$ cat input.cif   # mmCIF, C-alpha atoms
data_target
loop_
_atom_site.label_atom_id
_atom_site.label_comp_id
_atom_site.auth_asym_id
_atom_site.auth_seq_id
_atom_site.Cartn_x
_atom_site.Cartn_y
_atom_site.Cartn_z
CA MET A 1 88.63 30.95 151.99
CA THR A 2 91.42 28.46 152.11
CA ARG A 3 94.86 29.01 150.63
CA SER A 4 95.86 25.34 150.39
CA PRO A 5 93.99 23.66 147.57
CA THR A 6 96.66 20.95 147.48
CA LEU A 7 95.44 19.68 150.82
CA GLY A 8 92.33 18.51 149.00
CA SER A 9 93.31 17.94 145.39
CA GLU A 10 96.49 15.89 145.72
CA ARG A 11 96.09 12.13 145.41
CA MET A 12 95.29 10.51 148.70
CA ARG A 13 97.45 7.44 149.17
CA MET A 14 98.45 7.13 152.79
CA ARG A 15 96.62 5.32 155.53
CA MET A 16 96.71 6.73 159.04
CA ALA A 17 99.41 4.23 160.07
CA GLU A 18 101.72 5.35 157.25
CA LEU A 19 101.07 9.02 157.99
CA SER A 20 102.07 8.35 161.58
CA ALA A 21 105.18 6.36 160.68
CA GLU A 22 106.38 8.89 158.09
CA SER A 23 105.91 11.88 160.38
CA GLY A 24 107.01 10.25 163.61
CA VAL A 25 103.79 11.48 165.23
CA PRO A 26 101.86 8.77 167.18
CA VAL A 27 98.46 7.77 165.75
CA ALA A 28 96.64 9.00 168.87
CA THR A 29 98.27 12.41 168.45
CA VAL A 30 97.40 12.56 164.74
CA LYS A 31 93.77 11.83 165.65
CA TYR A 32 93.87 14.56 168.26
CA TYR A 33 95.22 17.06 165.69
CA LEU A 34 92.41 16.05 163.31
CA ARG A 35 89.78 16.64 166.00
CA GLU A 36 91.34 19.98 166.96
CA GLY A 37 91.45 21.14 163.36
CA LEU A 38 95.24 21.39 163.20
CA LEU A 39 95.18 18.86 160.38
CA PRO A 40 92.44 18.83 157.73
CA ALA A 41 90.36 15.65 157.37
CA GLY A 42 91.50 12.97 154.93
CA GLU A 43 89.38 11.43 152.21
CA ARG A 44 87.00 8.84 153.66
CA THR A 45 87.26 5.43 152.01
CA SER A 46 84.95 3.65 154.47
CA PRO A 47 83.21 4.69 157.70
CA ASN A 48 86.34 3.85 159.68
CA GLN A 49 89.06 4.54 157.15
CA ALA A 50 90.50 7.59 155.48
CA ARG A 51 93.43 8.26 153.18
CA TYR A 52 95.90 11.11 153.41
CA SER A 53 98.17 12.97 150.98
CA GLN A 54 101.73 14.30 151.01
CA ALA A 55 100.23 17.65 151.93
CA HIS A 56 98.87 16.11 155.12
CA LEU A 57 102.31 14.74 155.89
CA ARG A 58 103.89 18.16 155.37
CA ARG A 59 101.29 19.81 157.57
CA LEU A 60 101.89 17.24 160.28
CA LYS A 61 105.62 17.89 160.19
CA LEU A 62 104.93 21.62 160.40
CA VAL A 63 102.74 21.19 163.49
CA LYS A 64 105.50 19.10 165.05
CA ALA A 65 108.10 21.77 164.20
CA LEU A 66 106.04 24.61 165.67
CA THR A 67 105.20 22.79 168.88
CA GLU A 68 108.09 20.44 169.68
CA VAL A 69 110.95 22.54 168.35
CA GLY A 70 109.44 26.02 168.36
CA GLY A 71 107.95 25.51 171.81
CA MET A 72 104.50 26.78 170.75
CA SER A 73 101.34 25.61 172.49
CA LEU A 74 98.83 23.71 170.33
CA ALA A 75 96.49 26.72 170.59
CA SER A 76 99.24 28.98 169.23
CA ALA A 77 100.11 26.57 166.43
CA LYS A 78 96.44 26.43 165.49
CA ALA A 79 96.20 30.23 165.38
CA VAL A 80 99.27 30.39 163.13
CA LEU A 81 98.04 27.65 160.79
CA SER A 82 94.59 29.23 160.51
CA ALA A 83 96.27 32.44 159.37
CA VAL A 84 98.48 30.48 156.98
CA ASP A 85 95.42 28.83 155.43
CA ASP A 86 93.32 31.98 155.12
CA ASP A 87 94.00 33.65 151.79
CA GLU A 88 92.56 36.93 152.99
CA VAL A 89 95.43 37.21 155.46
CA THR A 90 98.51 38.77 153.83
CA PRO A 91 102.01 37.34 154.39
CA HIS A 92 102.86 40.42 156.48
CA GLU A 93 99.84 39.71 158.66
CA VAL A 94 100.71 36.02 158.98
CA MET A 95 104.12 37.04 160.31
CA GLY A 96 102.31 39.30 162.78
CA VAL A 97 100.28 36.34 164.04
CA VAL A 98 103.45 34.23 164.41
CA GLN A 99 105.13 36.96 166.44
CA GLU A 100 102.10 37.47 168.64
CA GLU A 101 101.84 33.77 169.39
CA LEU A 102 105.58 33.51 170.09
CA GLY A 103 105.33 36.56 172.34
CA GLY A 104 102.70 34.97 174.56
CA ILE A 105 101.27 36.97 177.41
CA PRO A 106 103.80 39.54 178.63
CA PRO A 107 104.36 39.25 182.39
CA THR A 108 103.06 42.02 184.63
CA VAL A 109 105.58 44.47 186.07
CA SER A 110 105.29 47.62 188.14
CA GLU A 111 103.99 50.63 186.25
CA GLU A 112 106.96 52.78 187.19
CA ALA A 113 109.55 50.28 185.95
CA ALA A 114 107.51 49.72 182.78
CA ASP A 115 107.31 53.47 182.08
CA GLN A 116 111.07 53.81 182.43
CA ALA A 117 111.74 50.83 180.19
CA PHE A 118 109.33 52.06 177.54
CA ALA A 119 110.97 55.49 177.54
CA VAL A 120 114.37 53.92 176.82
CA LEU A 121 113.01 51.84 173.94
CA ASP A 122 110.92 54.66 172.52
CA GLU A 123 113.87 57.07 172.49
CA ILE A 124 115.98 54.51 170.58
CA CYS A 125 113.24 54.02 167.99
CA ARG A 126 112.83 57.77 167.48
CA ARG A 127 116.56 58.35 167.18
CA ASN A 128 116.88 55.63 164.54
CA GLY A 129 113.77 56.55 162.60
CA TRP A 130 112.05 53.24 163.34
CA GLY A 131 108.70 54.93 163.79
CA GLU A 132 106.07 55.24 166.50
CA LEU A 133 105.95 52.38 169.02
CA PRO A 134 102.54 50.81 169.76
CA ARG A 135 102.97 50.40 173.51
CA ASP A 136 100.27 47.78 173.97
CA HIS A 137 101.62 45.52 171.20
CA VAL A 138 102.78 42.19 172.55
CA ILE A 139 106.31 42.51 171.10
CA VAL A 140 106.83 45.94 172.63
CA ALA A 141 105.26 44.78 175.89
CA ASN A 142 107.71 41.87 176.00
CA VAL A 143 110.79 44.08 175.61
CA VAL A 144 109.37 46.45 178.22
CA ALA A 145 108.53 43.66 180.70
CA ALA A 146 111.96 42.06 180.46
CA LEU A 147 113.80 45.39 180.81
CA ALA A 148 111.55 46.45 183.69
CA THR A 149 112.11 43.14 185.48
CA ALA A 150 115.87 43.55 185.17
CA GLY A 151 115.51 47.15 186.41
CA GLU A 152 113.53 46.04 189.47
CA LEU A 153 116.37 43.63 190.28
CA GLY A 154 118.81 46.53 190.12
CA HIS A 155 120.24 45.54 186.74
CA ASP A 156 120.31 48.20 184.04
CA GLU A 157 122.89 46.43 181.85
CA LEU A 158 120.37 45.43 179.18
CA ALA A 159 118.79 48.91 179.10
CA VAL A 160 122.21 50.58 178.83
CA ARG A 161 123.15 48.40 175.85
CA LEU A 162 119.68 48.23 174.34
CA GLU A 163 120.54 50.28 171.27
CA GLU A 164 123.48 48.02 170.44
CA TYR A 165 121.28 44.95 170.91
CA ALA A 166 118.59 46.54 168.73
CA HIS A 167 121.03 47.20 165.88
CA LEU A 168 122.21 43.60 165.95
CA ALA A 169 118.59 42.37 166.13
CA LEU A 170 117.77 44.43 163.06
CA ARG A 171 120.62 42.76 161.19
CA VAL A 172 119.32 39.34 162.20
CA ALA A 173 115.84 40.38 160.99
CA GLU A 174 117.37 41.46 157.67
CA LEU A 175 118.88 38.00 157.29
CA ASP A 176 115.47 36.48 158.15
CA LEU A 177 113.66 38.53 155.54
CA GLU A 178 116.29 37.80 152.89
CA THR A 179 115.10 34.21 153.01
CA VAL A 180 111.70 35.20 151.62
CA ARG A 181 112.82 37.87 149.16
CA GLY A 182 112.79 36.45 145.67
CA LEU A 183 110.35 33.63 146.43
CA SER A 184 107.50 33.79 143.96
CA SER A 185 104.79 31.61 145.51
CA VAL A 186 102.77 33.18 148.32
CA ASP A 187 102.42 29.77 150.00
CA ARG A 188 106.16 29.35 149.99
CA ILE A 189 106.77 32.89 151.28
CA ILE A 190 104.42 32.28 154.17
CA GLU A 191 105.73 28.86 155.11
CA THR A 192 109.33 30.05 154.88
CA GLY A 193 108.53 33.06 157.05
CA VAL A 194 106.90 30.87 159.66
CA VAL A 195 109.72 28.29 159.69
CA VAL A 196 112.51 30.84 159.73
CA THR A 197 110.92 32.86 162.53
CA VAL A 198 109.88 30.02 164.82
CA LEU A 199 112.87 27.72 164.32
CA GLY A 200 115.16 30.72 163.79
CA ASP A 201 114.48 32.01 167.31
CA ARG A 202 115.54 28.67 168.69
CA VAL A 203 118.66 28.49 166.49
CA PHE A 204 119.77 32.01 167.30
CA ALA A 205 119.32 31.64 171.07
CA ALA A 206 121.44 28.47 170.97
CA LEU A 207 124.12 30.14 168.81
CA ARG A 208 124.22 33.03 171.27
CA HIS A 209 124.75 30.55 174.12
CA MET A 210 127.54 28.90 172.13
CA GLY A 211 129.10 32.33 171.74
CA GLN A 212 128.74 33.05 175.44
CA ALA A 213 130.37 29.75 176.32
CA LEU A 214 133.23 30.50 173.92
CA ILE A 215 133.87 33.96 175.36
CA SER A 216 133.11 33.24 179.00
CA ARG A 217 135.77 30.55 178.98
CA ASP A 218 138.29 33.41 178.80
CA VAL A 219 136.41 36.10 180.71
CA LEU A 220 135.06 34.00 183.57
CA ARG A 221 137.16 30.88 183.90
CA GLU A 222 139.98 32.38 185.89
CA ARG A 223 137.77 34.26 188.36
CA PRO A 224 137.85 33.18 192.00
CA MET B 1 129.07 25.56 200.93
CA THR B 2 126.88 28.55 200.36
CA ARG B 3 127.91 31.70 198.57
CA SER B 4 125.24 33.98 200.08
CA PRO B 5 126.06 34.79 203.70
CA THR B 6 123.84 37.89 203.42
CA LEU B 7 120.80 35.67 203.22
CA GLY B 8 121.38 34.79 206.85
CA SER B 9 123.27 37.70 208.37
CA GLU B 10 121.20 40.68 207.22
CA ARG B 11 118.65 42.03 209.70
CA MET B 12 115.34 40.26 209.39
CA ARG B 13 112.53 42.80 209.41
CA MET B 14 109.81 41.68 207.06
CA ARG B 15 106.86 39.50 207.83
CA MET B 16 105.59 37.09 205.20
CA ALA B 17 102.77 39.50 204.26
CA GLU B 18 105.24 42.32 203.56
CA LEU B 19 107.53 40.04 201.62
CA SER B 20 104.57 39.06 199.47
CA ALA B 21 103.37 42.64 198.96
CA GLU B 22 106.84 43.97 198.11
CA SER B 23 107.61 41.20 195.62
CA GLY B 24 104.15 40.88 194.12
CA VAL B 25 104.32 37.12 194.75
CA PRO B 26 101.22 35.69 196.51
CA VAL B 27 101.75 34.32 200.04
CA ALA B 28 100.80 30.79 198.98
CA THR B 29 103.45 30.92 196.24
CA VAL B 30 106.09 32.25 198.64
CA LYS B 31 105.32 29.34 200.98
CA TYR B 32 105.61 26.91 198.09
CA TYR B 33 109.02 28.37 197.15
CA LEU B 34 110.13 27.97 200.79
CA ARG B 35 109.05 24.32 200.83
CA GLU B 36 110.74 23.67 197.48
CA GLY B 37 113.99 25.28 198.62
CA LEU B 38 113.91 28.09 196.06
CA LEU B 39 113.90 30.55 198.94
CA PRO B 40 115.88 29.99 202.16
CA ALA B 41 113.96 29.86 205.42
CA GLY B 42 113.46 33.08 207.39
CA GLU B 43 114.32 33.60 211.04
CA ARG B 44 111.67 32.05 213.29
CA THR B 45 110.19 34.47 215.82
CA SER B 46 107.48 32.09 217.02
CA PRO B 47 106.33 28.61 215.98
CA ASN B 48 104.07 30.16 213.32
CA GLN B 49 105.98 33.32 212.45
CA ALA B 50 109.20 34.12 210.70
CA ARG B 51 110.92 37.31 209.56
CA TYR B 52 112.63 37.89 206.25
CA SER B 53 115.39 40.19 204.99
CA GLN B 54 116.01 42.32 201.91
CA ALA B 55 118.05 39.39 200.60
CA HIS B 56 114.93 37.23 200.69
CA LEU B 57 113.06 39.90 198.75
CA ARG B 58 115.80 40.02 196.11
CA ARG B 59 115.83 36.25 195.80
CA LEU B 60 112.06 36.20 195.41
CA LYS B 61 112.24 38.78 192.61
CA LEU B 62 114.94 36.71 190.96
CA VAL B 63 112.79 33.56 191.06
CA LYS B 64 109.93 35.57 189.55
CA ALA B 65 112.22 36.94 186.82
CA LEU B 66 113.57 33.50 185.89
CA THR B 67 110.17 31.82 185.79
CA GLU B 68 107.62 34.43 184.74
CA VAL B 69 109.77 36.48 182.39
CA GLY B 70 112.48 34.02 181.47
CA GLY B 71 109.98 31.20 180.99
CA MET B 72 111.97 28.74 183.10
CA SER B 73 110.26 25.90 184.95
CA LEU B 74 110.54 25.94 188.75
CA ALA B 75 112.83 22.92 188.55
CA SER B 76 115.15 24.81 186.17
CA ALA B 77 115.11 27.92 188.34
CA LYS B 78 116.00 25.75 191.33
CA ALA B 79 118.92 24.17 189.49
CA VAL B 80 120.22 27.62 188.52
CA LEU B 81 119.86 29.04 192.02
CA SER B 82 121.55 26.03 193.59
CA ALA B 83 124.51 26.65 191.31
CA VAL B 84 124.43 30.37 192.15
CA ASP B 85 124.52 29.58 195.88
CA ASP B 86 127.28 26.98 195.71
CA ASP B 87 130.64 28.66 196.04
CA GLU B 88 132.42 25.65 194.60
CA VAL B 89 130.73 26.32 191.26
CA THR B 90 132.67 28.91 189.21
CA PRO B 91 130.89 31.76 187.39
CA HIS B 92 131.69 30.05 184.06
CA GLU B 93 130.05 26.87 185.35
CA VAL B 94 126.99 28.78 186.61
CA MET B 95 126.52 30.20 183.11
CA GLY B 96 126.75 26.65 181.80
CA VAL B 97 123.93 25.58 184.13
CA VAL B 98 121.79 28.54 183.00
CA GLN B 99 122.32 27.63 179.35
CA GLU B 100 121.56 23.97 179.96
CA GLU B 101 118.33 24.80 181.77
CA LEU B 102 117.30 27.30 179.08
CA GLY B 103 118.09 24.72 176.42
CA GLY B 104 115.68 22.18 177.86
CA ILE B 105 115.43 18.78 176.26
CA PRO B 106 116.30 19.00 172.56
CA PRO B 107 113.54 17.47 170.41
CA THR B 108 114.25 14.23 168.62
CA VAL B 109 114.86 14.36 164.89
CA SER B 110 115.87 11.78 162.29
CA GLU B 111 119.48 10.68 162.48
CA GLU B 112 120.16 11.53 158.85
CA ALA B 113 118.86 15.11 159.13
CA ALA B 114 120.74 15.55 162.41
CA ASP B 115 124.01 14.32 160.85
CA GLN B 116 123.66 16.78 157.99
CA ALA B 117 122.86 19.66 160.33
CA PHE B 118 125.76 18.85 162.62
CA ALA B 119 128.15 18.73 159.66
CA VAL B 120 127.13 22.25 158.63
CA LEU B 121 127.61 23.62 162.15
CA ASP B 122 130.86 21.75 162.72
CA GLU B 123 132.37 23.03 159.47
CA ILE B 124 131.53 26.62 160.44
CA CYS B 125 133.15 26.19 163.85
CA ARG B 126 136.31 24.72 162.35
CA ARG B 127 136.56 27.44 159.72
CA ASN B 128 136.27 30.17 162.34
CA GLY B 129 138.54 28.56 164.91
CA TRP B 130 135.76 28.18 167.49
CA GLY B 131 137.04 24.78 168.54
CA GLU B 132 135.77 21.24 168.71
CA LEU B 133 131.97 20.87 169.06
CA PRO B 134 130.66 18.55 171.79
CA ARG B 135 127.83 16.97 169.81
CA ASP B 136 125.84 15.75 172.78
CA HIS B 137 125.87 19.11 174.56
CA VAL B 138 122.38 20.55 174.92
CA ILE B 139 123.23 23.82 173.13
CA VAL B 140 124.71 22.03 170.14
CA ALA B 141 121.84 19.54 170.13
CA ASN B 142 119.37 22.42 170.04
CA VAL B 143 120.96 24.06 167.00
CA VAL B 144 121.14 20.67 165.30
CA ALA B 145 117.52 19.76 166.11
CA ALA B 146 116.13 23.07 164.83
CA LEU B 147 118.20 22.96 161.62
CA ALA B 148 117.31 19.31 161.05
CA THR B 149 113.61 20.02 161.56
CA ALA B 150 113.74 22.83 159.00
CA GLY B 151 115.61 20.51 156.66
CA GLU B 152 112.98 17.80 157.00
CA LEU B 153 110.38 20.40 156.01
CA GLY B 154 112.38 21.18 152.88
CA HIS B 155 113.75 24.46 154.22
CA ASP B 156 117.50 24.96 154.12
CA GLU B 157 117.39 28.76 154.51
CA LEU B 158 118.66 28.71 158.09
CA ALA B 159 121.44 26.24 157.27
CA VAL B 160 122.53 28.29 154.24
CA ARG B 161 122.81 31.45 156.33
CA LEU B 162 124.01 29.76 159.51
CA GLU B 163 127.49 31.27 159.39
CA GLU B 164 126.06 34.80 159.10
CA TYR B 165 123.68 34.10 161.99
CA ALA B 166 126.57 32.66 164.04
CA HIS B 167 128.71 35.77 163.52
CA LEU B 168 125.87 38.02 164.67
CA ALA B 169 125.19 35.71 167.64
CA LEU B 170 128.84 35.97 168.64
CA ARG B 171 128.57 39.76 168.63
CA VAL B 172 125.48 39.55 170.83
CA ALA B 173 127.39 37.23 173.18
CA GLU B 174 130.24 39.75 173.30
CA LEU B 175 127.78 42.43 174.38
CA ASP B 176 126.42 40.01 177.02
CA LEU B 177 129.85 39.31 178.43
CA GLU B 178 130.81 43.00 178.47
CA THR B 179 128.18 43.43 181.16
CA VAL B 180 130.17 41.27 183.58
CA ARG B 181 133.66 42.43 182.64
CA GLY B 182 134.91 44.88 185.25
CA LEU B 183 132.55 43.71 187.99
CA SER B 184 134.59 42.89 191.08
CA SER B 185 132.21 40.87 193.25
CA VAL B 186 131.71 37.24 192.29
CA ASP B 187 128.11 37.37 193.52
CA ARG B 188 127.43 40.33 191.27
CA ILE B 189 129.14 38.70 188.28
CA ILE B 190 127.01 35.61 188.67
CA GLU B 191 123.72 37.41 189.19
CA THR B 192 124.40 39.73 186.27
CA GLY B 193 125.29 36.81 184.04
CA VAL B 194 122.10 35.00 184.97
CA VAL B 195 119.88 38.07 184.51
CA VAL B 196 121.47 39.15 181.24
CA THR B 197 121.28 35.65 179.78
CA VAL B 198 117.75 34.72 180.83
CA LEU B 199 116.08 38.11 180.34
CA GLY B 200 118.42 38.95 177.48
CA ASP B 201 117.13 36.01 175.42
CA ARG B 202 113.62 37.35 175.82
CA VAL B 203 114.64 40.94 174.98
CA PHE B 204 116.60 39.95 171.90
CA ALA B 205 113.88 37.71 170.47
CA ALA B 206 111.39 40.57 170.85
CA LEU B 207 113.79 43.09 169.27
CA ARG B 208 114.29 40.70 166.36
CA HIS B 209 110.52 40.49 165.90
CA MET B 210 110.32 44.29 165.97
CA GLY B 211 112.97 44.35 163.27
CA GLN B 212 111.10 41.76 161.22
CA ALA B 213 107.89 43.80 161.48
CA LEU B 214 109.76 46.93 160.41
CA ILE B 215 111.32 45.28 157.37
CA SER B 216 108.45 43.00 156.38
CA ARG B 217 106.19 46.05 156.08
CA ASP B 218 108.21 46.93 152.96
CA VAL B 219 109.13 43.44 151.77
CA LEU B 220 105.79 41.71 152.32
CA ARG B 221 103.05 44.32 152.46
CA GLU B 222 102.55 44.72 148.75
CA ARG B 223 102.48 41.01 147.99
CA PRO B 224 99.20 39.54 146.74
#
$ encode --input "input.cif" --output "structure tokens"
Amino acid sequence: MTRSPTLGSERMRMRMAELSAESGVPVATVKYYLREGLLPAGERTSPNQARYSQAHLRRLKLVKALTEVGGMSLASAKAVLSAVDDDEVTPHEVMGVVQEELGGIPPTVSEEAADQAFAVLDEICRRNGWGELPRDHVIVANVVAALATAGELGHDELAVRLEEYAHLALRVAELDLETVRGLSSVDRIIETGVVVTVLGDRVFAALRHMGQALISRDVLRERP
Amino acid sequence: MTRSPTLGSERMRMRMAELSAESGVPVATVKYYLREGLLPAGERTSPNQARYSQAHLRRLKLVKALTEVGGMSLASAKAVLSAVDDDEVTPHEVMGVVQEELGGIPPTVSEEAADQAFAVLDEICRRNGWGELPRDHVIVANVVAALATAGELGHDELAVRLEEYAHLALRVAELDLETVRGLSSVDRIIETGVVVTVLGDRVFAALRHMGQALISRDVLRERP
């Protein structure tokens, strides 16, 4: 079942050329998205012509945001949008799909380093009452792989400060979720969740780098 | 000038096959890194044989960490490692290179949306005494592009909460920089900074997703 009736019912006014101009996405790319199912078909007006609605334009901008700004592959964007469109997938589950696609395939690390890293993370979750950790989940596997990689390089700084990082991350997540609290439309909740998570990761990483630059000016500038 | 005399002076014991086995990097990939200058040449023992040191092994693990876990392109990893090796580049400047390479090429957005987004960020920096913002810097451009993209989609949630996000990001950056405070060797400061920044981005994003999953269970699960 599809959650976006507006994609079909809204008045179709735009030609392909307008859709392309308005979204900033080249015609060839729009056609590719149509073929790949990232964008639903328009309403045919002749064998070689179709018209598109504002909903198509919004969807096109969303694909652009996920891929060009969020850094997602087209396959990942498609997986996310399929979940968004499927009204049997709950908002919580849509967020799960977004996180899985953002997580990608966790890199392989040595078993020993991974075991150590998992133990550190697991202990923190227990101590804070954050529940049982599903070790094979992509998010958990990503934390573990990054910590294990640092460990194999002889760097335990991230592991040592992991609990402090986790507390700050939880506060960021609270801010993220505040954006959807109080929204009444399920469509809006889902889209907001997707936008805030995908673009939010990019924003936060850049803000962190700004912060590092600000502080490292004082901490690092005067070093030999 | 090169900052890593150990790469040459340490005793060379390992053959290529051992270097590959110890690092988990296939021989063909090691050879490619040698050709591309990501890994310095070993000590020739015959026209077709060379020996490598522990320093080579460490460097190989670092390349793997930057690319496979940190998601950097080989070209970016090379730029970072060149800065690491150049003793005329200060630690603060090396961090700048890392951030630039992680930032990539900011996506293009409409001028109007970008102006609005920049104004929001600039006002926050002024209010908090974080100094003048270089608008064309890649970090700033990344924040602006992500905010502007959200704005074009009709989502101002990130912009509205940007100051709260920025304060949390600054606290994360403080944690990052604490890892290098107190280190006495410049080499160690630089390597720690690189590792903590590149792997730290990955760790923090995953921790944030864990936090979102934890909270969204309650906020989103019961929605229709």
$ interface_residues --input "input.cif" --of "chain A" --to "chain B" --cutoff "6 Å" --atoms "only C-alpha atoms" --output "MDAnalysis selection string"
chainID A and resid 92 139 143 146 166 169:170 173 199 203 206:208 211:212 220:221
$ residues_around --input "input.cif" --residues "Glu112 of chain B" --least-positions-apart "4" --cutoff "9 Å" --atoms "all atoms listed in the file" --output "number ranges by chain"
B: 116-117, 148
$ closest_residue --input "input.cif" --among "A:Glu163, A:Glu111, A:Glu36, A:Glu101" --to "Cys125 of chain A" --atoms "all atoms listed in the file"
A:Glu163
$ closest_residue --input "input.cif" --among "A:Leu81, A:Met12, A:Val27, A:Leu74" --to "His56 of chain A" --atoms "all atoms listed in the file"
A:Met12
$ atom_distance --input "input.cif" --atom1 "atom CA of Val80 of chain A" --atom2 "atom CA of Val194 of chain A"
8.4 Å
$ residues_around --input "input.cif" --residues "Lys78 of chain B" --least-positions-apart "4" --cutoff "10 Å" --atoms "only C-alpha atoms" --output "list of chain:residue names"
B:Tyr33, B:Glu36, B:Gly37, B:Leu38, B:Leu39, B:Val63, B:Leu66, B:Met72, B:Ser73, B:Leu74, B:Ser82, B:Ala83, B:Val84, B:Glu101
$ atom_distance --input "input.cif" --atom1 "atom CA of Leu60 of chain A" --atom2 "atom CA of Gly104 of chain B"
22.9 Å
$ atom_distance --input "input.cif" --atom1 "atom CA of Pro26 of chain A" --atom2 "atom CA of Asn48 of chain A"
17.9 Å
$ axis_aligned_box --input "input.cif" --around "segment 149-152 of chain A" --padding-each-side "5 Å" --output "AutoDock Vina command-line options"
--center_x 114.0 --center_y 45.1 --center_z 187.3 --size_x 13.8 --size_y 14.0 --size_z 14.3
$ resolve_selection --input "input.cif" --expression "the PyMOL selection byres ((chain A and resi 41) around 10)" --output "PyMOL selection string"
chain A and resi 7-8+31+33-35+37-40+42-44+50-52+56
$ decode --input "input.cif" --residues "segment 128-175 of chain A" --atoms "C-alpha atoms" --output "PDB file, in the first residue's frame"
ATOM      1  CA  ASN A 128      23.053   3.593  31.936  1.00  0.00           C
ATOM      2  CA  GLY A 129      20.030   1.345  31.572  1.00  0.00           C
ATOM      3  CA  TRP A 130      19.993   1.651  27.776  1.00  0.00           C
ATOM      4  CA  GLY A 131      19.070  -2.003  27.373  1.00  0.00           C
ATOM      5  CA  GLU A 132      20.500  -5.063  25.669  1.00  0.00           C
ATOM      6  CA  LEU A 133      22.733  -4.385  22.645  1.00  0.00           C
ATOM      7  CA  PRO A 134      22.027  -6.350  19.445  1.00  0.00           C
ATOM      8  CA  ARG A 135      25.632  -7.026  18.454  1.00  0.00           C
ATOM      9  CA  ASP A 136      24.941  -7.769  14.799  1.00  0.00           C
ATOM     10  CA  HIS A 137      22.928  -4.568  14.250  1.00  0.00           C
ATOM     11  CA  VAL A 138      24.607  -2.265  11.769  1.00  0.00           C
ATOM     12  CA  ILE A 139      24.699   0.719  14.166  1.00  0.00           C
ATOM     13  CA  VAL A 140      26.336  -1.308  16.921  1.00  0.00           C
ATOM     14  CA  ALA A 141      28.684  -2.927  14.402  1.00  0.00           C
ATOM     15  CA  ASN A 142      29.742   0.533  13.217  1.00  0.00           C
ATOM     16  CA  VAL A 143      30.641   1.764  16.706  1.00  0.00           C
ATOM     17  CA  VAL A 144      32.482  -1.496  17.346  1.00  0.00           C
ATOM     18  CA  ALA A 145      34.388  -1.394  14.028  1.00  0.00           C
ATOM     19  CA  ALA A 146      35.537   2.194  14.503  1.00  0.00           C
ATOM     20  CA  LEU A 147      36.630   1.620  18.118  1.00  0.00           C
ATOM     21  CA  ALA A 148      38.362  -1.634  17.186  1.00  0.00           C
ATOM     22  CA  THR A 149      40.207   0.053  14.314  1.00  0.00           C
ATOM     23  CA  ALA A 150      41.436   2.788  16.636  1.00  0.00           C
ATOM     24  CA  GLY A 151      42.457   0.094  19.151  1.00  0.00           C
ATOM     25  CA  GLU A 152      44.452  -1.793  16.521  1.00  0.00           C
ATOM     26  CA  LEU A 153      46.314   1.448  15.782  1.00  0.00           C
ATOM     27  CA  GLY A 154      47.177   1.732  19.466  1.00  0.00           C
ATOM     28  CA  HIS A 155      44.649   4.486  20.153  1.00  0.00           C
ATOM     29  CA  ASP A 156      42.223   3.945  23.019  1.00  0.00           C
ATOM     30  CA  GLU A 157      41.239   7.619  23.366  1.00  0.00           C
ATOM     31  CA  LEU A 158      37.776   7.131  21.871  1.00  0.00           C
ATOM     32  CA  ALA A 159      37.098   4.013  23.970  1.00  0.00           C
ATOM     33  CA  VAL A 160      38.231   5.769  27.162  1.00  0.00           C
ATOM     34  CA  ARG A 161      35.870   8.686  26.525  1.00  0.00           C
ATOM     35  CA  LEU A 162      33.085   6.637  24.963  1.00  0.00           C
ATOM     36  CA  GLU A 163      30.638   7.154  27.815  1.00  0.00           C
ATOM     37  CA  GLU A 164      31.042  10.925  27.626  1.00  0.00           C
ATOM     38  CA  TYR A 165      30.562  10.815  23.855  1.00  0.00           C
ATOM     39  CA  ALA A 166      27.499   8.596  24.303  1.00  0.00           C
ATOM     40  CA  HIS A 167      25.877  11.014  26.752  1.00  0.00           C
ATOM     41  CA  LEU A 168      26.386  13.909  24.346  1.00  0.00           C
ATOM     42  CA  ALA A 169      25.081  11.788  21.447  1.00  0.00           C
ATOM     43  CA  LEU A 170      21.958  11.016  23.446  1.00  0.00           C
ATOM     44  CA  ARG A 171      21.376  14.730  23.947  1.00  0.00           C
ATOM     45  CA  VAL A 172      21.750  15.317  20.215  1.00  0.00           C
ATOM     46  CA  ALA A 173      19.256  12.492  19.584  1.00  0.00           C
ATOM     47  CA  GLU A 174      16.833  14.138  22.028  1.00  0.00           C
ATOM     48  CA  LEU A 175      17.068  17.352  20.010  1.00  0.00           C
TER      49      LEU A 175
END
